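Working notes, beginning with the structure itself.
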Amino acid sequence: MNVEESSVQFEAPGRLRHFLTTEGLGRETIVEILDIAESFISVGERRIKKVPLLHGKTVVNLFFEPSTRTRTTFEIAAKRLSADVINLSSARMSTSKGESVLDTVKTLEAMHTDMFVVRDKASGTAHLIARHMPPGVSIINAGDGRHAHPTQAMLDVFTIRQYKNDFEPLSIAITGDILHSRVARSQIHALRQLGVKDIRIIGPATLLPTRIEKLGVRTYYDMDEGVADADVLIMLRVQTERMDGQLLPGPEEYFRYYGLSEKRLKLARPDAIVMHPGPMNRGLEIASGVADGPRSVILSQVTNGIAVRMAIMAKLAGDAHRESHS
Ligand code: CP
C-alpha cells in the first residue's frame, strides 16, 4: 500500500482530508460514501435539484487533460450541493505560459477557495498538490496519469451495488488496456476492499502490467475463458494516446480477440451487466449492439457519477467542519 498517500488522504481514522486514491480507503469509508450517494440519487429527480450542503463554498475544477464525463458531473454535483463553481482548463490557465501546476493552485487557494478537483496527465499531481494545501482545503483526484481515478471507481462500485446485492460472490472481468488504465487500478483496490474474490484481468500480454497478480487478481489472455460465467463485464478503452510503440494488433484483430461482441457476451452469466467508464471506441473494444443493449449499464454509470461525486464532496466538507470544531 502507498502509506504516504494514504496518510495524506486521512485527517484522522475515518475522517477524509483529501480524496486521492481508493487504495487503503477501507471498506467502512467506501460503504459510507456509497450510502451517502444513495441518499443523493433522489436530488437529481426533484424539480429543484439542489441541497444546501456546500452553500458558501467555492469548488475549482482544474482539468489539464480533456474530459467530458468527469468534469461535467463534478460541476453538476458541486452546483447541486449549492457550491460556487469555477471551471478552468489548460488553455485558459497560466500553466500555458510556464507557471507550475503547484503555483497555479496556490494562487487560486489565495482567493479562499475550498476544494479543488484536479485531472492531470502526470501520475501523482493530486497527491503533490494535497501535500501543499493548508487545513480546510481539500483536493479530489479526478484522474492522474496511469495511477488512479478513484471517483470513477467509486461510481463503478456504486453501479455494481445497484444491480448486484452482495459483492463477495461476484466474478468481475475487467478487459482491455490495463497497462495504461488508472481506472482498472482504482477499481481493483475498491473491489478487493469490498470483498470481491474473483477479479479477472483480461488482455493481450502487451497491455497487462507485470506483477498485476500482486493486487489479488487473476490474468487471462483468452477472453472467452475470462468472461465465462462472469457477473460483471467491465470493458476499458484502448488508450492509443498513451502508447509509445506498437502494443496492439490492428483494430479488427483486437476486436476479434478482446472485443465484447454479442456472441462473447453469451458466455457470461445470463444476468451479467456490461460496464465501460467511457469514452468508448465502438467496434474496437465493444460492439455497438452490446453498448446499447439490454445488459449495458453504461449510461447508469454516468448518471450515478453525479450522486457519488456529491457524496465525496459532502463527506470532505463534513469531515473538514468536524475537524475544525474538534
Ligand atoms: N471516465 C472518464 O474519466 O471519462 P472522461 O475522460 O470523459 O472524464
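Chain labels follow the order of the C-alpha cells: the first chain is A, the next B, and so on; residue numbering restarts at 1 in every chain, and ligands are counted from 1 in their shown order.
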
Show me which residues sit within 9 Å of ligand 1 when counting only C-alpha atoms and all ligand atoms, and put them as a PyMOL selection string.
chain A and resi 65-73+119+142-143+149+151-152+183+276-279+302

From a backbone DSSP assignment, name each residue in region 110-271 of chain A labelled strand (DSSP E or B), as a PyMOL selection string.
chain A and resi 115-120+138-144+148+171-175+198-202+218-220+232-235+260

Just to be explicit: take each residue in the selection above, keep N, CA, C and O atoms, and write the result as a compact mmCIF listing (two decimals), in the first residue's frame.
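And here's result-v4.txt as it stands now:
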# COMPACT_ATOMS: atom_id res chain seq x y z
N MET A 115 -12.10 23.78 -2.31
CA MET A 115 -11.94 22.42 -2.82
C MET A 115 -11.45 22.49 -4.27
O MET A 115 -11.93 23.33 -5.04
N PHE A 116 -10.51 21.63 -4.61
CA PHE A 116 -10.02 21.54 -5.99
C PHE A 116 -10.26 20.14 -6.53
O PHE A 116 -9.94 19.15 -5.86
N VAL A 117 -10.79 20.08 -7.74
CA VAL A 117 -10.94 18.81 -8.45
C VAL A 117 -9.89 18.83 -9.55
O VAL A 117 -9.93 19.70 -10.42
N VAL A 118 -8.93 17.90 -9.49
CA VAL A 118 -7.75 18.01 -10.36
C VAL A 118 -7.60 16.80 -11.27
O VAL A 118 -7.59 15.65 -10.80
N ARG A 119 -7.47 17.05 -12.56
CA ARG A 119 -7.09 15.98 -13.51
C ARG A 119 -5.80 16.41 -14.21
O ARG A 119 -5.68 17.54 -14.66
N ASP A 120 -4.86 15.46 -14.29
CA ASP A 120 -3.60 15.76 -14.96
C ASP A 120 -3.05 14.51 -15.63
O ASP A 120 -3.34 13.39 -15.19
N SER A 138 -9.43 20.97 0.43
CA SER A 138 -9.39 19.55 0.00
C SER A 138 -9.09 19.41 -1.48
O SER A 138 -9.56 20.22 -2.30
N ILE A 139 -8.34 18.37 -1.80
CA ILE A 139 -8.04 18.03 -3.19
C ILE A 139 -8.74 16.72 -3.54
O ILE A 139 -8.67 15.75 -2.78
N ILE A 140 -9.41 16.71 -4.69
CA ILE A 140 -10.02 15.48 -5.19
C ILE A 140 -9.30 15.10 -6.49
O ILE A 140 -9.18 15.93 -7.40
N ASN A 141 -8.84 13.87 -6.55
CA ASN A 141 -8.16 13.37 -7.74
C ASN A 141 -9.20 12.96 -8.79
O ASN A 141 -9.94 12.00 -8.59
N ALA A 142 -9.22 13.67 -9.91
CA ALA A 142 -10.16 13.35 -11.00
C ALA A 142 -9.46 12.57 -12.10
O ALA A 142 -9.91 12.56 -13.25
N GLY A 143 -8.33 11.92 -11.75
CA GLY A 143 -7.57 11.11 -12.71
C GLY A 143 -6.18 11.66 -12.89
O GLY A 143 -6.01 12.81 -13.30
N ASP A 144 -5.16 10.86 -12.50
CA ASP A 144 -3.77 11.29 -12.67
C ASP A 144 -2.98 10.22 -13.42
O ASP A 144 -2.73 9.13 -12.90
N ALA A 148 -4.36 6.65 -10.82
CA ALA A 148 -5.63 6.43 -10.12
C ALA A 148 -6.75 7.31 -10.70
O ALA A 148 -6.50 8.42 -11.19
N SER A 171 -18.13 -12.58 -9.70
CA SER A 171 -16.98 -12.74 -10.60
C SER A 171 -16.97 -11.53 -11.53
O SER A 171 -17.94 -11.30 -12.25
N ILE A 172 -15.90 -10.76 -11.45
CA ILE A 172 -15.84 -9.50 -12.21
C ILE A 172 -14.67 -9.55 -13.18
O ILE A 172 -13.53 -9.79 -12.78
N ALA A 173 -14.97 -9.36 -14.46
CA ALA A 173 -13.95 -9.44 -15.51
C ALA A 173 -13.67 -8.04 -16.06
O ALA A 173 -14.60 -7.35 -16.51
N ILE A 174 -12.42 -7.62 -15.98
CA ILE A 174 -12.01 -6.30 -16.49
C ILE A 174 -11.14 -6.55 -17.72
O ILE A 174 -10.10 -7.21 -17.62
N THR A 175 -11.57 -6.04 -18.88
CA THR A 175 -10.89 -6.40 -20.14
C THR A 175 -10.35 -5.18 -20.86
O THR A 175 -11.04 -4.17 -20.96
N ASP A 198 -13.10 -12.92 -6.84
CA ASP A 198 -12.80 -13.34 -8.21
C ASP A 198 -12.76 -12.12 -9.14
O ASP A 198 -13.79 -11.73 -9.71
N ILE A 199 -11.59 -11.52 -9.24
CA ILE A 199 -11.39 -10.39 -10.17
C ILE A 199 -10.48 -10.89 -11.28
O ILE A 199 -9.37 -11.35 -11.03
N ARG A 200 -10.97 -10.82 -12.51
CA ARG A 200 -10.23 -11.35 -13.67
C ARG A 200 -9.79 -10.18 -14.56
O ARG A 200 -10.59 -9.31 -14.89
N ILE A 201 -8.54 -10.21 -14.90
CA ILE A 201 -7.96 -9.18 -15.75
C ILE A 201 -7.66 -9.82 -17.10
O ILE A 201 -6.91 -10.80 -17.16
N ILE A 202 -8.24 -9.27 -18.17
CA ILE A 202 -8.13 -9.91 -19.49
C ILE A 202 -7.51 -8.95 -20.50
O ILE A 202 -7.94 -7.78 -20.59
N ARG A 218 -6.61 -12.42 -11.09
CA ARG A 218 -6.10 -13.47 -11.98
C ARG A 218 -6.05 -12.93 -13.40
O ARG A 218 -6.97 -12.19 -13.81
N THR A 219 -5.01 -13.27 -14.14
CA THR A 219 -4.90 -12.76 -15.51
C THR A 219 -5.32 -13.81 -16.53
O THR A 219 -5.09 -15.02 -16.33
N TYR A 220 -5.92 -13.35 -17.61
CA TYR A 220 -6.35 -14.21 -18.71
C TYR A 220 -5.92 -13.55 -20.02
O TYR A 220 -6.16 -12.36 -20.22
N VAL A 232 -20.14 -9.49 -13.91
CA VAL A 232 -19.93 -8.10 -14.31
C VAL A 232 -18.80 -8.07 -15.33
O VAL A 232 -17.73 -8.63 -15.10
N LEU A 233 -19.06 -7.44 -16.48
CA LEU A 233 -18.02 -7.29 -17.51
C LEU A 233 -17.69 -5.81 -17.63
O LEU A 233 -18.55 -5.00 -18.01
N ILE A 234 -16.46 -5.47 -17.28
CA ILE A 234 -16.04 -4.07 -17.39
C ILE A 234 -15.08 -3.96 -18.58
O ILE A 234 -14.02 -4.59 -18.60
N MET A 235 -15.47 -3.19 -19.59
CA MET A 235 -14.62 -3.00 -20.77
C MET A 235 -13.87 -1.68 -20.61
O MET A 235 -14.43 -0.69 -20.14
N LEU A 260 -15.88 -6.99 -26.96
CA LEU A 260 -17.10 -7.63 -26.41
C LEU A 260 -18.18 -7.60 -27.48
O LEU A 260 -18.82 -6.58 -27.74

As a VMD selection string, which residues of region 156-315 of chain A does DSSP assign to helix (DSSP H, G or I)?
chain A and resid 156 to 163 182 to 193 205 to 207 212 to 215 223 to 227 240 to 242 251 to 258 262 to 265 288 to 291 298 to 315

I'd like the interatomic distance between CA of Gly216 (chain A) and CA of Leu34 (chain A), to a tenth of an Å.
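Interatomic distance here is 22.8 Å.
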
For Ala153 (chain A), which of A:Lys315, A:Arg309, A:Lys121, A:His18 is the closest residue, counting only C-alpha atoms?
A:Arg309

In terms of the shortest atom-to-atom distance over only C-alpha atoms, which of A:His112, A:Ala311, A:Asp231, A:Leu128 is closest to Met275 (chain A)?
A:Asp231

Once you count only C-alpha atoms, what closest atom pair and distance in Å to one decimal does each residue of region 156-214 of chain A within 12 Å of region 41-45 of chain A have, with rows by chain and rising residue number, as JSON lines?
{"residue": "A:Phe158", "atom": "CA", "partner": "A:Ile41", "partner_atom": "CA", "distance": 11.2}
{"residue": "A:Thr159", "atom": "CA", "partner": "A:Ile41", "partner_atom": "CA", "distance": 11.8}
{"residue": "A:Gln162", "atom": "CA", "partner": "A:Ile41", "partner_atom": "CA", "distance": 11.5}

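Of the residues under consideration (A:Glu252, A:Asp292, A:Glu11, A:Glu5), A:Glu11 shows the shortest atom-to-atom contact distance to Glu323 (chain A) when counting only C-alpha atoms.
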
For region 102-107 of chain A, work out the shell of residues within 12 Å, counting only C-alpha atoms and skipping chain neighbours fewer than 4 positions away, then give it as an MDAnalysis selection string.
chainID A and resid 60:64 88:90 92:98 111:118 120 125:134 137:139

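Distance-wise, CA of Asp166 (chain A) and CA of Gln187 (chain A) end up 16.3 Å apart.
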